[in-house]
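Colleague: Handing over structure.pdb, PDB, C-alpha atoms.
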```
MODEL        1
ATOM      1  CA  MET H   1     -47.385 -82.400 135.357
ATOM      2  CA  SER H   2     -44.078 -81.845 133.562
ATOM      3  CA  LYS H   3     -41.237 -84.256 134.322
ATOM      4  CA  ILE H   4     -38.638 -81.728 133.212
ATOM      5  CA  LYS H   5     -36.515 -80.264 135.989
ATOM      6  CA  PRO H   6     -36.565 -76.449 136.092
ATOM      7  CA  SER H   7     -33.476 -74.503 135.104
ATOM      8  CA  LYS H   8     -31.405 -73.385 138.058
ATOM      9  CA  GLY H   9     -28.796 -70.692 137.721
ATOM     10  CA  ALA H  10     -27.549 -67.636 139.575
ATOM     11  CA  PRO H  11     -30.102 -65.065 140.766
ATOM     12  CA  TYR H  12     -28.370 -62.318 138.762
ATOM     13  CA  ALA H  13     -25.374 -61.706 136.493
ATOM     14  CA  ARG H  14     -22.609 -59.116 136.370
ATOM     15  CA  ILE H  15     -19.585 -58.094 134.348
ATOM     16  CA  MET H  16     -16.584 -59.437 136.254
ATOM     17  CA  GLY H  17     -13.672 -58.404 134.081
ATOM     18  CA  VAL H  18     -12.854 -56.479 130.919
ATOM     19  CA  GLY H  19      -9.977 -56.536 128.449
ATOM     20  CA  GLY H  20      -9.067 -54.866 125.177
ATOM     21  CA  TYR H  21      -6.629 -55.093 122.305
ATOM     22  CA  ARG H  22      -5.751 -52.296 119.886
ATOM     23  CA  PRO H  23      -3.508 -53.023 116.890
ATOM     24  CA  THR H  24      -0.003 -51.590 117.092
ATOM     25  CA  ARG H  25      -0.295 -49.467 113.948
ATOM     26  CA  VAL H  26      -1.775 -46.031 114.627
ATOM     27  CA  VAL H  27      -3.152 -44.353 111.504
ATOM     28  CA  PRO H  28      -3.559 -40.547 111.577
ATOM     29  CA  ASN H  29      -5.918 -38.611 109.343
ATOM     30  CA  GLU H  30      -2.991 -37.644 107.118
ATOM     31  CA  VAL H  31      -2.851 -41.231 105.839
ATOM     32  CA  ILE H  32      -6.559 -41.170 105.008
ATOM     33  CA  LEU H  33      -6.078 -37.914 103.094
ATOM     34  CA  GLU H  34      -3.760 -39.687 100.656
ATOM     35  CA  THR H  35      -6.806 -41.242  98.961
ATOM     36  CA  ILE H  36      -9.656 -38.757  99.512
ATOM     37  CA  ASP H  37     -10.110 -35.063  98.813
ATOM     38  CA  SER H  38     -10.634 -33.709 102.326
ATOM     39  CA  SER H  39      -8.744 -32.207 105.273
ATOM     40  CA  ASP H  40      -7.819 -33.090 108.827
ATOM     41  CA  GLU H  41     -10.018 -30.242 110.034
ATOM     42  CA  TRP H  42     -13.037 -31.540 108.081
ATOM     43  CA  ILE H  43     -12.616 -35.102 109.371
ATOM     44  CA  ARG H  44     -12.293 -33.920 112.970
ATOM     45  CA  SER H  45     -15.264 -31.577 112.697
ATOM     46  CA  ARG H  46     -17.498 -34.228 111.120
ATOM     47  CA  SER H  47     -16.509 -37.200 113.267
ATOM     48  CA  GLY H  48     -14.150 -36.168 116.066
ATOM     49  CA  ILE H  49     -11.676 -38.795 114.835
ATOM     50  CA  ALA H  50      -7.957 -37.971 114.841
ATOM     51  CA  THR H  51      -6.445 -41.452 114.631
ATOM     52  CA  ARG H  52      -7.492 -45.082 114.396
ATOM     53  CA  HIS H  53      -5.738 -48.467 114.698
ATOM     54  CA  TRP H  54      -5.336 -50.770 111.704
ATOM     55  CA  ALA H  55      -4.392 -54.419 112.071
ATOM     56  CA  SER H  56      -1.407 -56.090 110.462
ATOM     57  CA  GLU H  57      -1.643 -59.482 108.751
ATOM     58  CA  GLU H  58      -0.713 -61.141 112.049
ATOM     59  CA  GLU H  59      -3.371 -59.232 114.013
ATOM     60  CA  THR H  60      -6.249 -61.392 112.871
ATOM     61  CA  VAL H  61      -9.776 -61.410 114.281
ATOM     62  CA  SER H  62      -8.805 -64.505 116.267
ATOM     63  CA  ALA H  63      -5.446 -63.160 117.482
ATOM     64  CA  MET H  64      -6.895 -59.840 118.665
ATOM     65  CA  SER H  65      -9.740 -61.661 120.405
ATOM     66  CA  VAL H  66      -7.372 -63.999 122.221
ATOM     67  CA  GLU H  67      -5.355 -61.046 123.539
ATOM     68  CA  ALA H  68      -8.436 -59.162 124.750
ATOM     69  CA  SER H  69      -9.955 -62.324 126.233
ATOM     70  CA  GLY H  70      -6.828 -63.172 128.209
ATOM     71  CA  LYS H  71      -6.926 -59.748 129.841
ATOM     72  CA  ALA H  72     -10.647 -60.020 130.628
ATOM     73  CA  ILE H  73     -10.253 -63.488 132.160
ATOM     74  CA  ALA H  74      -7.317 -62.332 134.288
ATOM     75  CA  ASP H  75      -9.272 -59.246 135.355
ATOM     76  CA  ALA H  76     -12.192 -61.466 136.380
ATOM     77  CA  GLY H  77      -9.888 -63.643 138.486
ATOM     78  CA  ILE H  78     -11.019 -66.963 137.018
ATOM     79  CA  ASP H  79      -9.347 -69.743 135.055
ATOM     80  CA  PRO H  80     -10.036 -70.168 131.314
ATOM     81  CA  GLU H  81     -11.372 -73.675 132.007
ATOM     82  CA  GLN H  82     -14.262 -72.110 133.935
ATOM     83  CA  ILE H  83     -15.634 -70.410 130.817
ATOM     84  CA  GLY H  84     -18.870 -72.162 129.887
ATOM     85  CA  ALA H  85     -19.683 -70.202 126.726
ATOM     86  CA  VAL H  86     -17.903 -67.941 124.249
ATOM     87  CA  VAL H  87     -20.006 -65.437 122.296
ATOM     88  CA  VAL H  88     -18.297 -63.425 119.555
ATOM     89  CA  SER H  89     -19.884 -60.468 117.792
ATOM     90  CA  THR H  90     -18.217 -59.583 114.508
ATOM     91  CA  VAL H  91     -18.949 -58.762 110.873
ATOM     92  CA  SER H  92     -15.345 -59.152 109.726
ATOM     93  CA  HIS H  93     -14.723 -62.887 110.203
ATOM     94  CA  PHE H  94     -15.023 -63.960 106.593
ATOM     95  CA  ALA H  95     -15.567 -67.710 106.929
ATOM     96  CA  GLN H  96     -19.260 -68.521 106.853
ATOM     97  CA  THR H  97     -18.492 -71.570 108.980
ATOM     98  CA  PRO H  98     -17.139 -72.591 111.422
ATOM     99  CA  ALA H  99     -17.715 -69.776 113.893
ATOM    100  CA  ILE H 100     -14.541 -67.978 114.955
ATOM    101  CA  ALA H 101     -15.725 -68.403 118.568
ATOM    102  CA  THR H 102     -14.731 -72.076 118.487
ATOM    103  CA  ASP H 103     -11.156 -71.229 117.457
ATOM    104  CA  ILE H 104     -10.894 -68.540 120.138
ATOM    105  CA  ALA H 105     -12.269 -70.868 122.815
ATOM    106  CA  HIS H 106      -9.599 -73.442 121.960
ATOM    107  CA  LYS H 107      -6.754 -70.919 121.907
ATOM    108  CA  ILE H 108      -7.591 -69.442 125.324
ATOM    109  CA  GLY H 109      -7.771 -72.914 126.859
ATOM    110  CA  ALA H 110     -11.455 -72.815 127.688
ATOM    111  CA  GLY H 111     -12.030 -76.553 127.317
ATOM    112  CA  LYS H 112     -15.312 -77.411 125.608
ATOM    113  CA  PRO H 113     -17.606 -74.407 126.072
ATOM    114  CA  ALA H 114     -20.594 -73.511 123.957
ATOM    115  CA  ALA H 115     -19.194 -71.221 121.250
ATOM    116  CA  PHE H 116     -20.920 -69.213 118.547
ATOM    117  CA  ASP H 117     -20.806 -65.964 116.574
ATOM    118  CA  ILE H 118     -23.507 -63.333 116.263
ATOM    119  CA  SER H 119     -23.961 -60.681 113.586
ATOM    120  CA  ALA H 120     -25.551 -57.566 115.046
ATOM    121  CA  GLY H 121     -23.142 -54.906 113.823
ATOM    122  CA  CYS H 122     -22.411 -52.096 116.247
ATOM    123  CA  ALA H 123     -25.095 -53.367 118.647
ATOM    124  CA  GLY H 124     -23.439 -56.776 118.833
ATOM    125  CA  PHE H 125     -21.805 -56.307 122.222
ATOM    126  CA  GLY H 126     -25.174 -55.485 123.792
ATOM    127  CA  TYR H 127     -26.721 -58.536 122.146
ATOM    128  CA  GLY H 128     -23.915 -60.749 123.431
ATOM    129  CA  LEU H 129     -24.160 -59.298 126.931
ATOM    130  CA  THR H 130     -27.890 -60.016 127.007
ATOM    131  CA  LEU H 131     -27.363 -63.613 125.870
ATOM    132  CA  ALA H 132     -24.646 -64.085 128.500
ATOM    133  CA  LYS H 133     -26.894 -62.778 131.259
ATOM    134  CA  GLY H 134     -29.629 -65.186 130.186
ATOM    135  CA  MET H 135     -27.277 -68.180 130.175
ATOM    136  CA  ILE H 136     -26.033 -67.438 133.681
ATOM    137  CA  VAL H 137     -29.459 -66.857 135.183
ATOM    138  CA  GLU H 138     -30.870 -69.869 133.328
ATOM    139  CA  GLY H 139     -27.997 -72.020 134.517
ATOM    140  CA  SER H 140     -26.494 -73.230 131.239
ATOM    141  CA  ALA H 141     -23.157 -71.540 132.027
ATOM    142  CA  GLU H 142     -21.517 -70.088 135.122
ATOM    143  CA  TYR H 143     -19.121 -67.780 133.273
ATOM    144  CA  VAL H 144     -19.556 -66.430 129.746
ATOM    145  CA  LEU H 145     -16.928 -64.681 127.638
ATOM    146  CA  VAL H 146     -18.416 -61.978 125.394
ATOM    147  CA  ILE H 147     -16.154 -60.589 122.655
ATOM    148  CA  GLY H 148     -16.663 -57.729 120.221
ATOM    149  CA  VAL H 149     -14.000 -57.776 117.500
ATOM    150  CA  GLU H 150     -13.548 -56.170 114.088
ATOM    151  CA  ARG H 151     -11.005 -55.708 111.307
ATOM    152  CA  LEU H 152     -12.988 -53.028 109.524
ATOM    153  CA  SER H 153      -9.909 -51.848 107.643
ATOM    154  CA  ASP H 154     -10.576 -54.893 105.426
ATOM    155  CA  LEU H 155     -14.045 -53.523 104.637
ATOM    156  CA  THR H 156     -13.125 -49.870 104.160
ATOM    157  CA  ASP H 157     -13.202 -48.201 100.750
ATOM    158  CA  LEU H 158     -10.296 -45.771 101.053
ATOM    159  CA  ASN H 159     -11.617 -43.799  98.088
ATOM    160  CA  ASP H 160     -15.032 -43.199  99.663
ATOM    161  CA  ARG H 161     -14.925 -39.692 101.102
ATOM    162  CA  ALA H 162     -17.945 -40.391 103.335
ATOM    163  CA  THR H 163     -16.572 -43.467 105.145
ATOM    164  CA  ALA H 164     -12.807 -43.803 104.521
ATOM    165  CA  PHE H 165     -11.923 -42.025 107.776
ATOM    166  CA  LEU H 166     -14.456 -43.741 110.039
ATOM    167  CA  PHE H 167     -13.371 -47.278 110.725
ATOM    168  CA  GLY H 168     -10.728 -48.910 112.900
ATOM    169  CA  ASP H 169      -9.750 -52.347 114.157
ATOM    170  CA  GLY H 170      -9.634 -53.884 117.613
ATOM    171  CA  ALA H 171     -11.116 -56.317 120.098
ATOM    172  CA  GLY H 172     -12.846 -55.903 123.439
ATOM    173  CA  ALA H 173     -13.962 -58.653 125.786
ATOM    174  CA  VAL H 174     -15.797 -59.081 129.078
ATOM    175  CA  VAL H 175     -16.367 -62.002 131.398
ATOM    176  CA  VAL H 176     -19.922 -62.209 132.683
ATOM    177  CA  GLY H 177     -20.562 -64.261 135.807
ATOM    178  CA  PRO H 178     -22.968 -64.841 138.689
ATOM    179  CA  SER H 179     -24.047 -62.086 141.040
ATOM    180  CA  LYS H 180     -26.040 -61.917 144.277
ATOM    181  CA  GLU H 181     -27.513 -58.569 143.295
ATOM    182  CA  PRO H 182     -28.684 -56.995 140.026
ATOM    183  CA  ALA H 183     -25.696 -55.684 138.041
ATOM    184  CA  ILE H 184     -26.983 -55.900 134.447
ATOM    185  CA  GLY H 185     -30.325 -54.233 133.868
ATOM    186  CA  PRO H 186     -33.108 -55.177 131.474
ATOM    187  CA  THR H 187     -32.098 -54.806 127.833
ATOM    188  CA  VAL H 188     -34.020 -52.565 125.497
ATOM    189  CA  TRP H 189     -33.239 -53.922 122.040
ATOM    190  CA  GLY H 190     -34.776 -54.229 118.633
ATOM    191  CA  SER H 191     -34.429 -53.503 114.946
ATOM    192  CA  GLU H 192     -35.842 -51.296 112.216
ATOM    193  CA  GLY H 193     -35.534 -53.452 109.126
ATOM    194  CA  ASP H 194     -37.190 -50.885 106.904
ATOM    195  CA  LYS H 195     -33.966 -48.867 107.260
ATOM    196  CA  SER H 196     -31.622 -51.795 106.615
ATOM    197  CA  GLY H 197     -30.185 -50.127 103.526
ATOM    198  CA  THR H 198     -28.771 -47.116 105.369
ATOM    199  CA  ILE H 199     -25.680 -49.055 106.510
ATOM    200  CA  LYS H 200     -24.708 -52.030 104.412
ATOM    201  CA  GLN H 201     -22.082 -54.067 102.617
ATOM    202  CA  THR H 202     -21.870 -52.775  99.064
ATOM    203  CA  VAL H 203     -22.708 -56.149  97.475
ATOM    204  CA  ALA H 204     -23.259 -59.712  98.673
ATOM    205  CA  TRP H 205     -20.170 -61.959  98.969
ATOM    206  CA  ASP H 206     -21.168 -64.307  96.158
ATOM    207  CA  VAL H 207     -21.901 -61.487  93.721
ATOM    208  CA  PHE H 208     -18.729 -59.644  94.640
ATOM    209  CA  HIS H 209     -16.514 -62.693  94.298
ATOM    210  CA  ALA H 210     -17.866 -63.362  90.834
ATOM    211  CA  GLU H 211     -17.167 -59.802  89.714
ATOM    212  CA  ARG H 212     -13.964 -58.893  91.616
ATOM    213  CA  PRO H 213     -12.341 -61.912  93.274
ATOM    214  CA  GLU H 214      -9.202 -59.933  94.188
ATOM    215  CA  LYS H 215     -10.824 -57.602  96.719
ATOM    216  CA  PHE H 216     -13.306 -57.513  99.612
ATOM    217  CA  PRO H 217     -16.572 -55.553  99.398
ATOM    218  CA  ALA H 218     -16.799 -52.411 101.505
ATOM    219  CA  ILE H 219     -19.185 -50.914 104.039
ATOM    220  CA  THR H 220     -21.236 -47.948 102.913
ATOM    221  CA  GLN H 221     -23.778 -45.806 104.721
ATOM    222  CA  GLU H 222     -26.185 -42.903 104.312
ATOM    223  CA  GLY H 223     -24.485 -40.601 106.778
ATOM    224  CA  GLN H 224     -27.190 -38.033 107.420
ATOM    225  CA  ALA H 225     -29.938 -40.628 107.790
ATOM    226  CA  VAL H 226     -27.820 -42.608 110.247
ATOM    227  CA  PHE H 227     -26.954 -39.469 112.198
ATOM    228  CA  ARG H 228     -30.582 -38.421 112.594
ATOM    229  CA  TRP H 229     -31.657 -41.923 113.578
ATOM    230  CA  ALA H 230     -28.845 -42.327 116.104
ATOM    231  CA  VAL H 231     -29.359 -38.955 117.766
ATOM    232  CA  PHE H 232     -33.132 -38.902 118.043
ATOM    233  CA  GLU H 233     -34.264 -42.530 118.097
ATOM    234  CA  MET H 234     -31.362 -43.959 120.102
ATOM    235  CA  ALA H 235     -31.687 -41.274 122.771
ATOM    236  CA  LYS H 236     -35.236 -42.595 123.273
ATOM    237  CA  VAL H 237     -33.941 -46.165 123.537
ATOM    238  CA  ALA H 238     -31.290 -45.068 126.034
ATOM    239  CA  GLN H 239     -33.974 -43.407 128.153
ATOM    240  CA  GLN H 240     -36.087 -46.568 127.987
ATOM    241  CA  ALA H 241     -33.114 -48.577 129.276
ATOM    242  CA  LEU H 242     -32.708 -46.167 132.179
ATOM    243  CA  ASP H 243     -36.407 -46.430 132.974
ATOM    244  CA  ALA H 244     -36.353 -50.236 132.751
ATOM    245  CA  ALA H 245     -33.467 -50.348 135.237
ATOM    246  CA  GLY H 246     -35.137 -47.839 137.556
ATOM    247  CA  ILE H 247     -32.216 -45.457 137.104
ATOM    248  CA  SER H 248     -32.413 -41.699 136.594
ATOM    249  CA  PRO H 249     -29.755 -39.702 134.720
ATOM    250  CA  GLN H 250     -28.734 -38.266 138.091
ATOM    251  CA  ASP H 251     -27.962 -41.807 139.325
ATOM    252  CA  LEU H 252     -25.571 -42.487 136.442
ATOM    253  CA  ASP H 253     -21.800 -42.351 136.807
ATOM    254  CA  VAL H 254     -20.767 -43.263 133.262
ATOM    255  CA  PHE H 255     -22.220 -43.193 129.738
ATOM    256  CA  ILE H 256     -20.653 -45.572 127.193
ATOM    257  CA  PRO H 257     -22.362 -45.247 123.814
ATOM    258  CA  HIS H 258     -21.185 -46.966 120.646
ATOM    259  CA  GLN H 259     -18.198 -44.985 119.421
ATOM    260  CA  ALA H 260     -19.558 -44.084 116.000
ATOM    261  CA  ASN H 261     -19.054 -40.357 115.809
ATOM    262  CA  MET H 262     -18.257 -37.614 118.342
ATOM    263  CA  ARG H 263     -21.123 -35.455 117.103
ATOM    264  CA  ILE H 264     -23.582 -38.292 117.709
ATOM    265  CA  ILE H 265     -22.191 -38.847 121.219
ATOM    266  CA  ASP H 266     -22.378 -35.152 122.131
ATOM    267  CA  SER H 267     -25.888 -34.841 120.722
ATOM    268  CA  MET H 268     -27.086 -37.860 122.703
ATOM    269  CA  VAL H 269     -25.639 -36.419 125.907
ATOM    270  CA  LYS H 270     -27.534 -33.202 125.258
ATOM    271  CA  THR H 271     -30.807 -34.942 124.339
ATOM    272  CA  LEU H 272     -30.636 -37.187 127.421
ATOM    273  CA  LYS H 273     -29.802 -34.130 129.574
ATOM    274  CA  LEU H 274     -27.042 -36.023 131.347
ATOM    275  CA  PRO H 275     -25.630 -34.223 134.422
ATOM    276  CA  GLU H 276     -22.097 -32.832 134.242
ATOM    277  CA  HIS H 277     -20.815 -35.418 136.739
ATOM    278  CA  VAL H 278     -21.469 -38.268 134.271
ATOM    279  CA  THR H 279     -18.262 -39.450 132.602
ATOM    280  CA  VAL H 280     -18.795 -39.867 128.857
ATOM    281  CA  ALA H 281     -16.695 -42.275 126.779
ATOM    282  CA  ARG H 282     -15.124 -40.527 123.787
ATOM    283  CA  ASP H 283     -12.721 -43.250 122.704
ATOM    284  CA  VAL H 284     -13.699 -42.624 119.076
ATOM    285  CA  GLU H 285     -11.144 -39.784 118.872
ATOM    286  CA  THR H 286      -8.169 -42.151 118.886
ATOM    287  CA  THR H 287      -9.759 -45.490 117.997
ATOM    288  CA  GLY H 288     -12.318 -44.663 115.316
ATOM    289  CA  ASN H 289     -15.479 -46.702 114.837
ATOM    290  CA  THR H 290     -14.707 -50.333 115.698
ATOM    291  CA  SER H 291     -18.338 -51.524 115.519
ATOM    292  CA  ALA H 292     -18.944 -54.416 117.942
ATOM    293  CA  ALA H 293     -15.632 -53.780 119.707
ATOM    294  CA  SER H 294     -16.245 -50.118 120.493
ATOM    295  CA  ILE H 295     -18.165 -50.396 123.790
ATOM    296  CA  PRO H 296     -15.880 -52.907 125.571
ATOM    297  CA  LEU H 297     -12.797 -51.049 124.275
ATOM    298  CA  ALA H 298     -14.157 -47.748 125.590
ATOM    299  CA  MET H 299     -15.097 -49.398 128.896
ATOM    300  CA  GLU H 300     -11.627 -50.869 129.280
ATOM    301  CA  ARG H 301      -9.951 -47.503 128.613
ATOM    302  CA  LEU H 302     -12.157 -45.612 131.074
ATOM    303  CA  LEU H 303     -11.323 -48.094 133.828
ATOM    304  CA  ALA H 304      -7.617 -48.266 132.941
ATOM    305  CA  THR H 305      -7.235 -44.474 133.003
ATOM    306  CA  GLY H 306      -9.232 -43.986 136.188
ATOM    307  CA  GLN H 307     -11.954 -41.966 134.489
ATOM    308  CA  ALA H 308     -14.357 -44.665 135.709
ATOM    309  CA  LYS H 309     -14.055 -47.048 138.629
ATOM    310  CA  SER H 310     -15.269 -50.457 139.703
ATOM    311  CA  GLY H 311     -18.827 -50.295 140.987
ATOM    312  CA  ASP H 312     -19.823 -47.301 138.873
ATOM    313  CA  THR H 313     -23.267 -47.383 137.266
ATOM    314  CA  ALA H 314     -22.998 -47.126 133.485
ATOM    315  CA  LEU H 315     -25.470 -46.817 130.633
ATOM    316  CA  VAL H 316     -24.278 -48.646 127.502
ATOM    317  CA  ILE H 317     -25.943 -48.470 124.102
ATOM    318  CA  GLY H 318     -24.966 -49.860 120.723
ATOM    319  CA  PHE H 319     -26.615 -49.144 117.384
ATOM    320  CA  GLY H 320     -25.831 -49.805 113.757
ATOM    321  CA  ALA H 321     -26.368 -51.800 110.581
ATOM    322  CA  GLY H 322     -29.701 -53.482 110.355
ATOM    323  CA  LEU H 323     -30.712 -51.097 111.786
ATOM    324  CA  VAL H 324     -30.333 -52.762 115.189
ATOM    325  CA  TYR H 325     -29.834 -51.495 118.705
ATOM    326  CA  ALA H 326     -29.366 -52.637 122.298
ATOM    327  CA  ALA H 327     -29.128 -50.623 125.519
ATOM    328  CA  THR H 328     -28.805 -51.579 129.168
ATOM    329  CA  VAL H 329     -27.493 -50.316 132.499
ATOM    330  CA  VAL H 330     -24.569 -52.188 134.080
ATOM    331  CA  THR H 331     -22.352 -52.042 137.113
ATOM    332  CA  LEU H 332     -18.733 -51.702 135.994
ATOM    333  CA  PRO H 333     -16.322 -54.474 137.074
TER
ENDMDL
END
```
Would you write the structure of this file as structure tokens?

Modeller:
Amino acid sequence: MSKIKPSKGAPYARIMGVGGYRPTRVVPNEVILETIDSSDEWIRSRSGIATRHWASEEETVSAMSVEASGKAIADAGIDPEQIGAVVVSTVSHFAQTPAIATDIAHKIGAGKPAAFDISAGCAGFGYGLTLAKGMIVEGSAEYVLVIGVERLSDLTDLNDRATAFLFGDGAGAVVVGPSKEPAIGPTVWGSEGDKSGTIKQTVAWDVFHAERPEKFPAITQEGQAVFRWAVFEMAKVAQQALDAAGISPQDLDVFIPHQANMRIIDSMVKTLKLPEHVTVARDVETTGNTSAASIPLAMERLLATGQAKSGDTALVIGFGAGLVYAATVVTLP
């Protein structure tokens, strides 16, 4: 017989609070058109994006995360010292080590929590949410701070007509805590590594530094391949998440997909046959694609504007480089 005591945590977990930070500089399509041969009409028709936020030198990955985290912690009604783990999803923190999560944990006054980064691209928030749920139910933390943050303007090739207009900067955060009833459904997640080349960094850091030490590498993607995969395959994953949670489209109040492209969002809504009463996040229009930050930022805006309310049932799905994905059903804080 084992002498190890069993783990003992909360019966369930829930999102308790949400916060977001968008850089102060708003960049319209006209600025993007200074470096690519295109038009505002073409950008809007292809992506639905009109503006995006770009960070200043002072608006670092850490600084944006601290701002978003402070709002999420206040919204959750807890003290920073109660945070038992900090999970940060990002691809734009450029130090291999240490994890930026440790710096953020210190700056928000969280004491000595577990702190680590994950790299799951645009699905990173879903990955972090799943890890947080597991920690709370397992008992290794009572409250977990999950952050999605990006400075993708650093990784944008402004001369690339296919991607120059897509990316923005920002941070979104949620506090996940104990619940007496299910409020985060089973996660449907995975990867398709055979398609890893469809969204990627142009070259590896070591190769790039040797060739061009004055500049960062950029993100590139095969647009049509990504579009087809997102619309058809991710709609299936979203449906699997609904089924796993025992939720029908009619039961949904809100749909918060990764804010990659308005055409992808609209196509997914159509493929899933979502009822008209379901509120759909379309934050991409004014925020652009912020990768791991896009879902919590969109969630925060829906709640702040009253388009969604506390207690609503929401389907969230992230998908991106890898190719990786994660979908689940949650109760909004």

Colleague: For Met16 of chain H, which residue among H:Pro178, H:Pro186, H:Gly109, H:Gly322 is the nearest when counting only C-alpha atoms?

Modeller: H:Pro178

Colleague: I'd like to know which of H:Met299, H:Ile256, H:Met234, H:Gly9 is closest to Leu272 of chain H, using all atoms listed in the file.

Modeller: H:Met234

Colleague: Can you pull out the residues contacting segment 89-101 of chain H? Cut-off 8 Å, using all atoms listed in the file, and skip same-chain residues under 2 positions away; I want them as an MDAnalysis selection string.

Modeller: chainID H and resid 61:62 86:87 103:105 115:121 124:125 128 146:152 154:155 292

Colleague: If we count only C-alpha atoms and set the cut-off at 6 Å, which residues sit around segment 73-83 of chain H, ignoring sequence neighbours fewer than 5 positions away in its own chain? Please answer as a PyMOL selection string.

Modeller: chain H and resi 16-17+109-111+143-144

Colleague: Hey, can you check how far atom CA of Ser191 of chain H sits from atom CA of Gln239 of chain H?

Modeller: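 Interatomic distance here is 16.6 Å.
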
Colleague: Skipping near chain neighbours, those fewer than 5 positions away, what residues fall within 10 Å of Thr130 of chain H using only C-alpha atoms, listed as an NGL selection string?

Modeller: :H and (13 or 124-125 or 135 or 146 or 184-189 or 326-328)

Colleague: For a quick check of understanding, using all atoms listed in the file, which of H:Ile265, H:Ile36, H:Ala293, H:Ala308 has the smallest distance to Gly20 of chain H?

Modeller: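 Among the listed residues, H:Ala293 lies closest to Gly20 of chain H.
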
Colleague: Considering only C-alpha atoms, state which residue in the set H:Ile4, H:Ala281, H:Leu332, H:Leu274 is at the smallest distance from Pro257 of chain H.

Modeller: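 Looking only at the distances to Pro257 of chain H, the closest residue turns out to be H:Ala281.
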
Colleague: Which residues match the PyMOL selection byres ((chain H and resi 68-71) around 7) in the file above, as an mmCIF file with C-alpha atoms, in the coordinates of the input?

Modeller:
```
data_model
loop_
_atom_site.group_PDB
_atom_site.id
_atom_site.type_symbol
_atom_site.label_atom_id
_atom_site.label_comp_id
_atom_site.auth_asym_id
_atom_site.auth_seq_id
_atom_site.Cartn_x
_atom_site.Cartn_y
_atom_site.Cartn_z
ATOM 1 C CA VAL H 18 -12.854 -56.479 130.919
ATOM 2 C CA GLY H 19 -9.977 -56.536 128.449
ATOM 3 C CA GLY H 20 -9.067 -54.866 125.177
ATOM 4 C CA TYR H 21 -6.629 -55.093 122.305
ATOM 5 C CA MET H 64 -6.895 -59.840 118.665
ATOM 6 C CA SER H 65 -9.740 -61.661 120.405
ATOM 7 C CA VAL H 66 -7.372 -63.999 122.221
ATOM 8 C CA GLU H 67 -5.355 -61.046 123.539
ATOM 9 C CA ALA H 72 -10.647 -60.020 130.628
ATOM 10 C CA ILE H 73 -10.253 -63.488 132.160
ATOM 11 C CA ALA H 74 -7.317 -62.332 134.288
ATOM 12 C CA ASP H 75 -9.272 -59.246 135.355
ATOM 13 C CA ILE H 108 -7.591 -69.442 125.324
ATOM 14 C CA ALA H 171 -11.116 -56.317 120.098
ATOM 15 C CA GLY H 172 -12.846 -55.903 123.439
ATOM 16 C CA ALA H 173 -13.962 -58.653 125.786
#
```

Colleague: In Å to one decimal, how far is atom CA of Ser153 of chain H from atom CA of Phe319 of chain H?

Modeller: 19.5 Å

Colleague: So the first atom is atom CA of Arg301 of chain H and the second is atom CA of Ala50 of chain H; what is the distance between them in Å, to one decimal place?

Modeller: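 Distance reported for this atom pair: 16.9 Å.
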
Colleague: Applying 7 Å and all atoms listed in the file, which residues near Ala218 of chain H remain after dropping the ones on its own chain fewer than 5 positions away? List them as a PyMOL selection string.

Modeller: chain H and resi 155-157+201-202

Colleague: Counting all atoms listed in the file, I want the residues whose atoms come within 7 Å of (-19.2, -41.5, 106.7) in the file frame, returned as a compact mmCIF listing (two decimals) with C-alpha atoms, in the coordinates of the input.

Modeller:
```txt
# COMPACT_ATOMS: atom_id res chain seq x y z
CA ALA H 162 -17.94 -40.39 103.34
CA THR H 163 -16.57 -43.47 105.14
CA LEU H 166 -14.46 -43.74 110.04
CA GLN H 221 -23.78 -45.81 104.72
CA GLY H 223 -24.48 -40.60 106.78
```

Colleague: Around the point (-6.3, -38.8, 102.6) (coordinates from the file), which residues reach within 12 Å if we count all atoms listed in the file? Answer as a ChimeraX atom specification.

Modeller: /H:27-43,157-165
